[in-house]
$ cat coords_38.pdb   # PDB, C-alpha atoms
ATOM      1  CA  MET A 181     -10.775 -37.992  10.062
ATOM      2  CA  THR A 182     -10.522 -40.459   7.203
ATOM      3  CA  LEU A 183      -7.901 -40.149   4.471
ATOM      4  CA  TYR A 184      -9.261 -40.780   1.020
ATOM      5  CA  THR A 185      -7.657 -41.050  -2.394
ATOM      6  CA  SER A 186      -8.869 -40.779  -5.941
ATOM      7  CA  ALA A 187      -7.144 -42.092  -9.008
ATOM      8  CA  ALA A 188      -7.438 -38.897 -11.074
ATOM      9  CA  HIS A 189      -9.516 -35.850 -11.795
ATOM     10  CA  ALA A 190     -10.441 -34.454 -15.203
ATOM     11  CA  HIS A 191      -6.818 -33.681 -16.084
ATOM     12  CA  GLY A 192      -5.443 -37.013 -14.931
ATOM     13  CA  THR A 193      -3.778 -35.575 -11.808
ATOM     14  CA  PRO A 194      -4.162 -37.347  -8.441
ATOM     15  CA  ILE A 195      -6.133 -35.738  -5.625
ATOM     16  CA  VAL A 196      -5.827 -36.245  -1.904
ATOM     17  CA  GLY A 197      -7.809 -34.676   0.889
ATOM     18  CA  PHE A 198      -9.459 -34.899   4.248
ATOM     19  CA  GLU A 199     -13.166 -35.312   4.624
ATOM     20  CA  ASP A 200     -15.037 -32.181   5.717
ATOM     21  CA  THR A 201     -11.980 -29.921   5.378
ATOM     22  CA  GLY A 202     -11.758 -29.266   1.658
ATOM     23  CA  ILE A 203      -7.981 -29.622   1.395
ATOM     24  CA  ASP A 204      -7.372 -30.412  -2.248
ATOM     25  CA  VAL A 205      -3.889 -30.998  -3.584
ATOM     26  CA  ASN A 206      -3.481 -30.023  -7.261
ATOM     27  CA  ALA A 207      -6.746 -28.092  -7.252
ATOM     28  CA  THR A 208      -4.964 -24.715  -7.423
ATOM     29  CA  ASN A 209      -2.957 -22.834 -10.031
ATOM     30  CA  TRP A 210       0.384 -22.637  -8.244
ATOM     31  CA  TRP A 211       3.209 -20.165  -8.875
ATOM     32  CA  ARG A 212       6.560 -19.457  -7.252
ATOM     33  CA  ASP A 213       6.782 -16.182  -5.330
ATOM     34  CA  GLU A 214       9.999 -14.536  -6.560
ATOM     35  CA  GLU A 215      10.420 -12.696  -3.260
ATOM     36  CA  THR A 216      10.380 -15.746  -0.977
ATOM     37  CA  GLY A 217      10.867 -18.642  -3.384
ATOM     38  CA  GLU A 218       7.769 -20.249  -1.887
ATOM     39  CA  ILE A 219       5.096 -21.861  -4.028
ATOM     40  CA  VAL A 220       1.726 -20.246  -3.338
ATOM     41  CA  PRO A 221      -1.717 -20.156  -4.980
ATOM     42  CA  ALA A 222      -1.804 -17.728  -7.889
ATOM     43  CA  PRO A 223      -4.189 -14.773  -7.472
ATOM     44  CA  LEU A 224      -7.014 -14.327  -9.931
ATOM     45  CA  GLY A 225      -5.718 -12.816 -13.156
ATOM     46  CA  HIS A 226      -2.082 -13.358 -12.212
ATOM     47  CA  VAL A 227       0.339 -13.110 -15.172
ATOM     48  CA  ASN A 228       3.115 -15.623 -14.638
ATOM     49  CA  SER A 229       6.549 -15.095 -16.236
ATOM     50  CA  ASP A 230       8.030 -18.260 -14.739
ATOM     51  CA  PRO A 231       8.734 -20.804 -17.522
ATOM     52  CA  ASN A 232       7.839 -23.621 -15.107
ATOM     53  CA  GLN A 233       4.631 -24.906 -13.556
ATOM     54  CA  TYR A 234       4.433 -26.537 -10.148
ATOM     55  CA  ASN A 235       2.260 -29.153  -8.558
ATOM     56  CA  ALA A 236       1.984 -30.889  -5.204
ATOM     57  CA  PHE A 237       1.625 -34.658  -4.880
ATOM     58  CA  PRO A 238       0.972 -36.597  -1.660
ATOM     59  CA  GLN A 239       4.233 -37.781  -0.157
ATOM     60  CA  CYS A 240       3.233 -41.444  -0.395
ATOM     61  CA  GLN A 241       1.593 -41.206  -3.824
ATOM     62  CA  VAL A 242       2.275 -44.103  -6.208
ATOM     63  CA  ASP A 243       0.993 -44.947  -9.661
ATOM     64  CA  ASP A 244      -2.735 -44.928 -10.379
ATOM     65  CA  GLY A 245      -3.407 -42.488  -7.540
ATOM     66  CA  ASN A 246      -2.857 -44.978  -4.722
ATOM     67  CA  LEU A 247      -0.903 -44.459  -1.501
ATOM     68  CA  ALA A 248       1.969 -46.769  -0.557
ATOM     69  CA  ILE A 249       1.042 -48.422   2.745
ATOM     70  CA  ASP A 250       4.658 -48.858   3.890
ATOM     71  CA  CYS A 251       5.286 -45.157   3.270
ATOM     72  CA  LEU A 252       2.358 -43.957   5.372
ATOM     73  CA  ALA A 253       3.997 -45.006   8.635
ATOM     74  CA  LYS A 254       7.121 -42.980   7.799
ATOM     75  CA  GLN A 255       5.618 -39.945   6.094
ATOM     76  CA  ARG A 256       6.143 -36.444   7.414
ATOM     77  CA  VAL A 257       3.900 -35.415  10.296
ATOM     78  CA  CYS A 258       2.043 -32.152   9.668
ATOM     79  CA  PRO A 259       0.741 -30.761  12.959
ATOM     80  CA  PRO A 260      -2.585 -28.899  12.870
ATOM     81  CA  ARG A 261      -2.589 -25.143  12.533
ATOM     82  CA  ALA A 262      -3.658 -22.925  15.417
ATOM     83  CA  ASP A 263      -7.253 -23.142  14.178
ATOM     84  CA  GLY A 264      -7.108 -26.967  14.207
ATOM     85  CA  LYS A 265      -7.051 -27.457  10.447
ATOM     86  CA  PRO A 266      -4.765 -30.335   9.402
ATOM     87  CA  GLY A 267      -2.069 -30.364   6.770
ATOM     88  CA  VAL A 268      -1.080 -32.808   4.031
ATOM     89  CA  PRO A 269       2.539 -33.992   3.580
ATOM     90  CA  VAL A 270       3.344 -33.372  -0.084
ATOM     91  CA  ILE A 271       6.195 -33.535  -2.571
ATOM     92  CA  TRP A 272       6.462 -30.554  -4.939
ATOM     93  CA  LYS A 273       7.185 -31.297  -8.573
ATOM     94  CA  VAL A 274       7.998 -29.134 -11.570
ATOM     95  CA  ALA A 275       7.505 -29.241 -15.346
ATOM     96  CA  PRO A 276       7.722 -26.793 -18.262
ATOM     97  CA  ARG A 277       4.670 -24.521 -18.224
ATOM     98  CA  SER A 278       4.229 -24.910 -21.989
ATOM     99  CA  VAL A 279       3.543 -28.644 -21.671
ATOM    100  CA  GLU A 280      -0.009 -29.813 -21.011
ATOM    101  CA  ASN A 281      -0.344 -32.969 -18.892
ATOM    102  CA  PRO A 282       3.455 -33.096 -18.444
ATOM    103  CA  THR A 283       5.719 -35.658 -16.892
ATOM    104  CA  TRP A 284       6.523 -34.189 -13.481
ATOM    105  CA  THR A 285       9.978 -34.250 -11.864
ATOM    106  CA  ASP A 286      10.877 -33.532  -8.245
ATOM    107  CA  TRP A 287      11.412 -29.836  -7.495
ATOM    108  CA  THR A 288      14.445 -29.176  -5.294
ATOM    109  CA  GLY A 289      14.006 -25.414  -4.931
ATOM    110  CA  ASN A 290      12.719 -25.924  -1.399
ATOM    111  CA  GLY A 291      15.600 -28.221  -0.503
ATOM    112  CA  GLY A 292      13.711 -31.287  -1.670
ATOM    113  CA  GLY A 293      11.788 -33.668   0.505
ATOM    114  CA  PRO A 294       8.229 -33.473   1.763
ATOM    115  CA  THR A 295       6.618 -30.289   3.058
ATOM    116  CA  CYS A 296       3.263 -29.603   4.684
ATOM    117  CA  LEU A 297       0.455 -28.122   2.621
ATOM    118  CA  TYR A 298      -2.460 -26.486   4.435
ATOM    119  CA  ASP A 299      -5.782 -25.236   3.197
ATOM    120  CA  ARG A 300      -4.803 -21.622   2.602
ATOM    121  CA  ASN A 301      -6.638 -18.947   4.539
ATOM    122  CA  PRO A 302      -5.775 -15.270   3.869
ATOM    123  CA  GLU A 303      -5.877 -14.505   7.589
ATOM    124  CA  ASP A 304      -3.039 -16.969   8.149
ATOM    125  CA  LEU A 305      -0.799 -14.830   5.947
ATOM    126  CA  LEU A 306      -1.333 -11.517   7.765
ATOM    127  CA  PRO A 307       1.809 -11.788   9.952
ATOM    128  CA  ARG A 308       3.944 -12.571   6.930
ATOM    129  CA  ILE A 309       2.409  -9.744   4.927
ATOM    130  CA  ALA A 310       3.056  -7.368   7.841
ATOM    131  CA  ALA A 311       6.710  -8.456   7.880
ATOM    132  CA  ARG A 312       7.074  -7.585   4.194
ATOM    133  CA  ILE A 313       4.907  -4.476   3.914
ATOM    134  CA  GLN A 314       7.616  -1.942   4.839
ATOM    135  CA  LYS A 315       9.983  -3.191   2.143
ATOM    136  CA  GLU A 316       7.199  -3.192  -0.429
ATOM    137  CA  PHE A 317       6.174   0.341   0.605
ATOM    138  CA  ASP A 318       9.705   1.711   0.304
ATOM    139  CA  ARG A 319      10.030   0.548  -3.298
ATOM    140  CA  LEU A 320       6.656   1.786  -4.536
ATOM    141  CA  PRO A 321       6.813   4.309  -7.425
ATOM    142  CA  VAL A 322       5.662   7.131  -5.144
ATOM    143  CA  ILE A 323       5.842  10.521  -6.868
ATOM    144  CA  PRO A 324       7.866  12.790  -4.553
ATOM    145  CA  GLY A 325       6.820  16.321  -3.748
ATOM    146  CA  THR A 326       7.696  19.086  -6.209
ATOM    147  CA  LEU A 327       9.893  22.004  -5.193
ATOM    148  CA  THR A 328       9.423  25.654  -6.208
ATOM    149  CA  ALA A 329      11.772  28.563  -5.446
ATOM    150  CA  GLN A 330      10.899  32.272  -5.523
ATOM    151  CA  PRO A 331      12.686  33.947  -7.230
ATOM    152  CA  SER A 332      14.067  31.290  -9.583
ATOM    153  CA  PRO A 333      16.364  30.332 -11.182
ATOM    154  CA  HIS A 334      18.264  33.394  -9.933
ATOM    155  CA  THR A 335      18.227  34.898  -6.464
ATOM    156  CA  LEU A 336      20.345  37.408  -4.538
ATOM    157  CA  ARG A 337      22.933  36.830  -1.862
ATOM    158  CA  GLY A 338      21.630  37.789   1.555
ATOM    159  CA  ALA A 339      18.006  37.966   0.383
ATOM    160  CA  GLU A 340      15.349  35.474   1.498
ATOM    161  CA  THR A 341      14.526  32.904  -1.179
ATOM    162  CA  ASN A 342      11.103  31.385  -0.621
ATOM    163  CA  PHE A 343      10.822  27.612  -1.075
ATOM    164  CA  TYR A 344       7.591  25.639  -0.978
ATOM    165  CA  ALA A 345       6.443  22.105  -1.739
ATOM    166  CA  LYS A 346       3.470  20.430  -3.378
ATOM    167  CA  ALA A 347       2.683  16.761  -2.721
ATOM    168  CA  THR A 348      -0.411  14.607  -3.071
ATOM    169  CA  GLU A 349      -1.856  11.458  -1.516
ATOM    170  CA  GLN A 350      -1.321   8.409  -3.741
ATOM    171  CA  LEU A 351      -2.989   4.997  -4.003
ATOM    172  CA  PHE A 352      -1.428   1.668  -4.989
ATOM    173  CA  ASP A 353      -2.689  -1.884  -5.469
ATOM    174  CA  ILE A 354      -0.137  -4.688  -5.247
ATOM    175  CA  THR A 355      -0.113  -8.426  -4.541
ATOM    176  CA  ILE A 356       1.771 -10.072  -1.668
ATOM    177  CA  LEU A 357       1.581 -13.841  -1.163
ATOM    178  CA  ALA A 358      -1.320 -13.947  -3.605
ATOM    179  CA  GLN A 359      -3.351 -11.491  -1.485
ATOM    180  CA  LYS A 360      -4.677  -8.163  -2.752
ATOM    181  CA  ILE A 361      -3.040  -5.278  -0.884
ATOM    182  CA  HIS A 362      -4.325  -1.688  -1.141
ATOM    183  CA  ILE A 363      -1.851   0.984   0.001
ATOM    184  CA  ILE A 364      -2.459   4.687   0.673
ATOM    185  CA  ALA A 365       0.631   6.918   0.822
ATOM    186  CA  LYS A 366       0.009  10.319   2.420
ATOM    187  CA  PRO A 367       2.611  13.154   2.542
ATOM    188  CA  VAL A 368       3.181  14.222   6.135
ATOM    189  CA  GLN A 369       6.609  15.907   6.425
ATOM    190  CA  TYR A 370       9.173  17.728   4.320
ATOM    191  CA  ARG A 371      12.921  18.323   4.442
ATOM    192  CA  TRP A 372      14.796  20.903   2.379
ATOM    193  CA  ASN A 373      18.507  20.530   1.645
ATOM    194  CA  TYR A 374      19.476  23.993   0.407
ATOM    195  CA  GLY A 375      22.727  22.845  -1.180
ATOM    196  CA  ASP A 376      25.045  25.095   0.843
ATOM    197  CA  GLY A 377      25.392  22.766   3.817
ATOM    198  CA  THR A 378      22.221  23.928   5.536
ATOM    199  CA  SER A 379      18.820  22.250   5.678
ATOM    200  CA  LEU A 380      15.391  22.564   7.207
ATOM    201  CA  GLY A 381      13.222  19.779   8.594
ATOM    202  CA  PRO A 382      11.729  17.339   8.658
ATOM    203  CA  THR A 383       8.777  19.620   9.312
ATOM    204  CA  THR A 384       5.053  19.412   8.660
ATOM    205  CA  THR A 385       5.213  22.855   7.016
ATOM    206  CA  MET A 386       5.174  22.637   3.219
ATOM    207  CA  GLY A 387       5.322  26.397   2.720
ATOM    208  CA  GLY A 388       3.397  28.322   0.097
ATOM    209  CA  PRO A 389       3.804  30.793  -2.774
ATOM    210  CA  LEU A 390       4.276  34.540  -2.336
ATOM    211  CA  PRO A 391       3.059  37.221  -4.762
ATOM    212  CA  GLN A 392       5.953  38.720  -6.704
ATOM    213  CA  ASP A 393       5.784  42.055  -4.882
ATOM    214  CA  ARG A 394       6.583  40.188  -1.639
ATOM    215  CA  TRP A 395       9.556  38.211  -2.889
ATOM    216  CA  GLY A 396      12.435  38.590  -0.461
ATOM    217  CA  GLU A 397      10.258  38.289   2.658
ATOM    218  CA  LYS A 398      11.212  35.734   5.269
ATOM    219  CA  THR A 399       8.885  32.713   5.449
ATOM    220  CA  ARG A 400       8.876  29.496   7.500
ATOM    221  CA  THR A 401      10.620  27.664   4.658
ATOM    222  CA  SER A 402      12.755  30.436   3.113
ATOM    223  CA  HIS A 403      16.561  30.567   3.095
ATOM    224  CA  ALA A 404      19.123  33.365   2.683
ATOM    225  CA  TYR A 405      22.359  32.349   0.967
ATOM    226  CA  ALA A 406      25.539  33.904   2.390
ATOM    227  CA  VAL A 407      27.696  33.362  -0.709
ATOM    228  CA  ILE A 408      27.227  33.466  -4.461
ATOM    229  CA  GLY A 409      27.252  30.386  -6.685
ATOM    230  CA  ASP A 410      25.056  27.611  -7.995
ATOM    231  CA  PHE A 411      23.367  25.394  -5.396
ATOM    232  CA  ASN A 412      21.421  22.163  -5.890
ATOM    233  CA  VAL A 413      18.299  22.180  -3.725
ATOM    234  CA  VAL A 414      16.631  18.848  -2.921
ATOM    235  CA  LEU A 415      13.223  18.315  -1.344
ATOM    236  CA  THR A 416      12.608  15.051   0.503
ATOM    237  CA  THR A 417       8.973  14.193   1.210
ATOM    238  CA  TYR A 418       8.062  11.809   4.022
ATOM    239  CA  PHE A 419       5.034   9.650   3.272
ATOM    240  CA  GLN A 420       3.047   7.771   5.903
ATOM    241  CA  GLY A 421       1.348   4.634   4.603
ATOM    242  CA  THR A 422      -1.605   2.441   5.488
ATOM    243  CA  TYR A 423      -2.505  -0.880   3.917
ATOM    244  CA  SER A 424      -5.489  -3.201   3.799
ATOM    245  CA  VAL A 425      -5.599  -6.878   2.883
ATOM    246  CA  ASN A 426      -8.410  -8.129   0.639
ATOM    247  CA  GLY A 427     -10.567  -5.100   1.424
ATOM    248  CA  GLY A 428     -10.089  -5.410   5.186
ATOM    249  CA  PRO A 429      -9.485  -2.613   7.694
ATOM    250  CA  ALA A 430      -6.690  -0.085   7.152
ATOM    251  CA  LEU A 431      -3.506  -0.989   9.040
ATOM    252  CA  PRO A 432      -0.554   1.377   9.619
ATOM    253  CA  ILE A 433       2.779   0.814   7.899
ATOM    254  CA  PRO A 434       5.325   1.161  10.732
ATOM    255  CA  ASN A 435       7.871   3.572   9.230
ATOM    256  CA  GLN A 436       7.562   6.508   6.901
ATOM    257  CA  GLY A 437       8.822   6.236   3.325
ATOM    258  CA  LEU A 438      11.304   8.884   2.144
ATOM    259  CA  PHE A 439      11.131  10.009  -1.483
ATOM    260  CA  SER A 440      13.332  12.805  -2.888
ATOM    261  CA  SER A 441      12.678  15.106  -5.815
ATOM    262  CA  PRO A 442      15.331  15.756  -8.488
ATOM    263  CA  ALA A 443      17.768  18.507  -7.543
ATOM    264  CA  GLN A 444      16.818  22.021  -8.625
ATOM    265  CA  THR A 445      19.662  24.478  -9.276
ATOM    266  CA  VAL A 446      19.407  27.945  -7.788
ATOM    267  CA  SER A 447      21.963  30.560  -8.918
ATOM    268  CA  VAL A 448      22.827  33.077  -6.225
ATOM    269  CA  TRP A 449      24.029  36.451  -7.521
ATOM    270  CA  ARG A 450      25.364  39.473  -5.732
ATOM    271  CA  SER A 451      23.817  42.935  -6.063
ATOM    272  CA  VAL A 452      25.868  46.126  -6.552
ATOM    273  CA  THR A 453      24.529  49.599  -5.701
ATOM    274  CA  ARG A 454      26.026  52.731  -7.289
ATOM    275  CA  ASN A 455      24.956  56.375  -7.084
ATOM    276  CA  TYR A 456      24.955  58.553 -10.214
ATOM    277  CA  ALA A 457      24.648  62.275 -10.607
ATOM    278  CA  ASP A 458      22.231  62.030 -13.530
ATOM    279  CA  ASP A 459      19.896  59.578 -15.212
ATOM    280  CA  CYS A 460      19.822  57.951 -18.653
ATOM    281  CA  LEU A 461      17.800  60.834 -20.128
ATOM    282  CA  THR A 462      20.444  63.297 -19.076
ATOM    283  CA  ASN A 463      23.368  61.033 -19.924
ATOM    284  CA  PRO A 464      22.304  58.268 -22.368
ATOM    285  CA  ARG A 465      25.848  56.874 -22.365
ATOM    286  CA  GLY A 466      26.012  56.579 -18.583
ATOM    287  CA  GLU A 467      26.856  53.212 -16.990
ATOM    288  CA  GLY A 468      23.893  50.863 -17.138
ATOM    289  CA  CYS A 469      22.046  52.952 -19.757
ATOM    290  CA  PRO A 470      21.038  51.553 -23.196
ATOM    291  CA  GLY A 471      23.622  53.756 -24.904
ATOM    292  CA  SER A 472      26.448  52.739 -22.609
ATOM    293  CA  ALA A 473      29.449  51.047 -24.197
ATOM    294  CA  GLY A 474      29.341  48.491 -21.356
TER
END
$ encode --input "coords_38.pdb" --output "structure tokens"
Amino acid sequence: MTLYTSAAHAHGTPIVGFEDTGIDVNATNWWRDEETGEIVPAPLGHVNSDPNQYNAFPQCQVDDGNLAIDCLAKQRVCPPRADGKPGVPVIWKVAPRSVENPTWTDWTGNGGGPTCLYDRNPEDLLPRIAARIQKEFDRLPVIPGTLTAQPSPHTLRGAETNFYAKATEQLFDITILAQKIHIIAKPVQYRWNYGDGTSLGPTTTMGGPLPQDRWGEKTRTSHAYAVIGDFNVVLTTYFQGTYSVNGGPALPIPNQGLFSSPAQTVSVWRSVTRNYADDCLTNPRGEGCPGSAG
């Protein structure tokens, strides 16, 4: 293929490319990915907080948009990608973003020197997105499941306290390497830490509420405390995620994300049974009666 050069485009910035391939240096709004430090094309509508702007110039670029002949023989070799598309050896430069038509200086954030710029194709980024998706999933603002105890906030020693969870499927849209990523987080398992050194799970059982007249019954998620005191109960919900890139097919996120609810305090009391010879009508001042001094 034939290398061509042009002195400038509408903004006075040089262009280089290969015929029939559409590679166009400086034709994209570039930004630096804070996660990788790499300069990538900015997605549509991207809000950039970086005070700098970046641009790529052909390695052998000289004034007036021409290429230095003696440089061409020594410039970096950019092997074709797997699909056969060639790359352009470029030098990245930086300038303040607030300056229009700035004077560019060499950017050394990539170690300096020429790098290879390829015509970006979203499919080429899939392996790199897959390598990052677990980390991105784990730090999503997923709302953990909510925990309910029956009875609450007080329960009795030796009696079954019913615990159950509520959790919902959640959707997120993020950007990775300038690609639109849609994530679905679905609750699949639950783990109860009862605060007294015992726990249950992970289990697919989220439990369920009991009517008040059945409080104290044993359920699949209930717990009987052996001692009195205040115990902090924590529910951890396991979410399984899938993601799609630019509206493509749903792909599984390898590992589940664990998200814990704030601790809920349950006070365990003891019950005392006493027998009396009469009731409060017969003896209004009897222990436990409204007229009792106690």
$ atom_distance --input "coords_38.pdb" --atom1 "atom CA of Gly396 of chain A" --atom2 "atom CA of Pro331 of chain A"
8.2 Å
$ resolve_selection --input "coords_38.pdb" --expression "the PyMOL selection byres ((chain A and resi 283-300) around 7)" --output "number ranges by chain"
A: 203, 239, 256, 258, 266-275, 281-282, 301-302
$ closest_residue --input "coords_38.pdb" --among "A:Leu351, A:Asn412, A:Met386, A:Ile219" --to "Pro333 of chain A" --atoms "only C-alpha atoms"
A:Asn412
$ resolve_selection --input "coords_38.pdb" --expression "the PyMOL selection byres ((chain A and resi 402) around 6)" --output "PyMOL selection string"
chain A and resi 340-343+398-401+403
$ closest_residue --input "coords_38.pdb" --among "A:Gln233, A:Thr335, A:Ile356, A:Gln420" --to "Glu215 of chain A" --atoms "only C-alpha atoms"
A:Ile356
$ closest_residue --input "coords_38.pdb" --among "A:Asn373, A:Thr422, A:Ser229, A:Asn463" --to "Pro442 of chain A" --atoms "all atoms listed in the file"
A:Asn373
$ atom_distance --input "coords_38.pdb" --atom1 "atom CA of Pro324 of chain A" --atom2 "atom CA of Gly428 of chain A"
27.4 Å
$ atom_distance --input "coords_38.pdb" --atom1 "atom CA of Ser278 of chain A" --atom2 "atom CA of Pro238 of chain A"
23.7 Å
$ residues_around --input "coords_38.pdb" --residues "His362 of chain A" --least-positions-apart "6" --cutoff "10 Å" --atoms "all atoms listed in the file" --output "list of chain:residue names"
A:Leu351, A:Phe352, A:Asp353, A:Ile354, A:Thr355, A:Thr422, A:Tyr423, A:Ser424, A:Val425, A:Asn426, A:Gly427, A:Gly428, A:Ala430
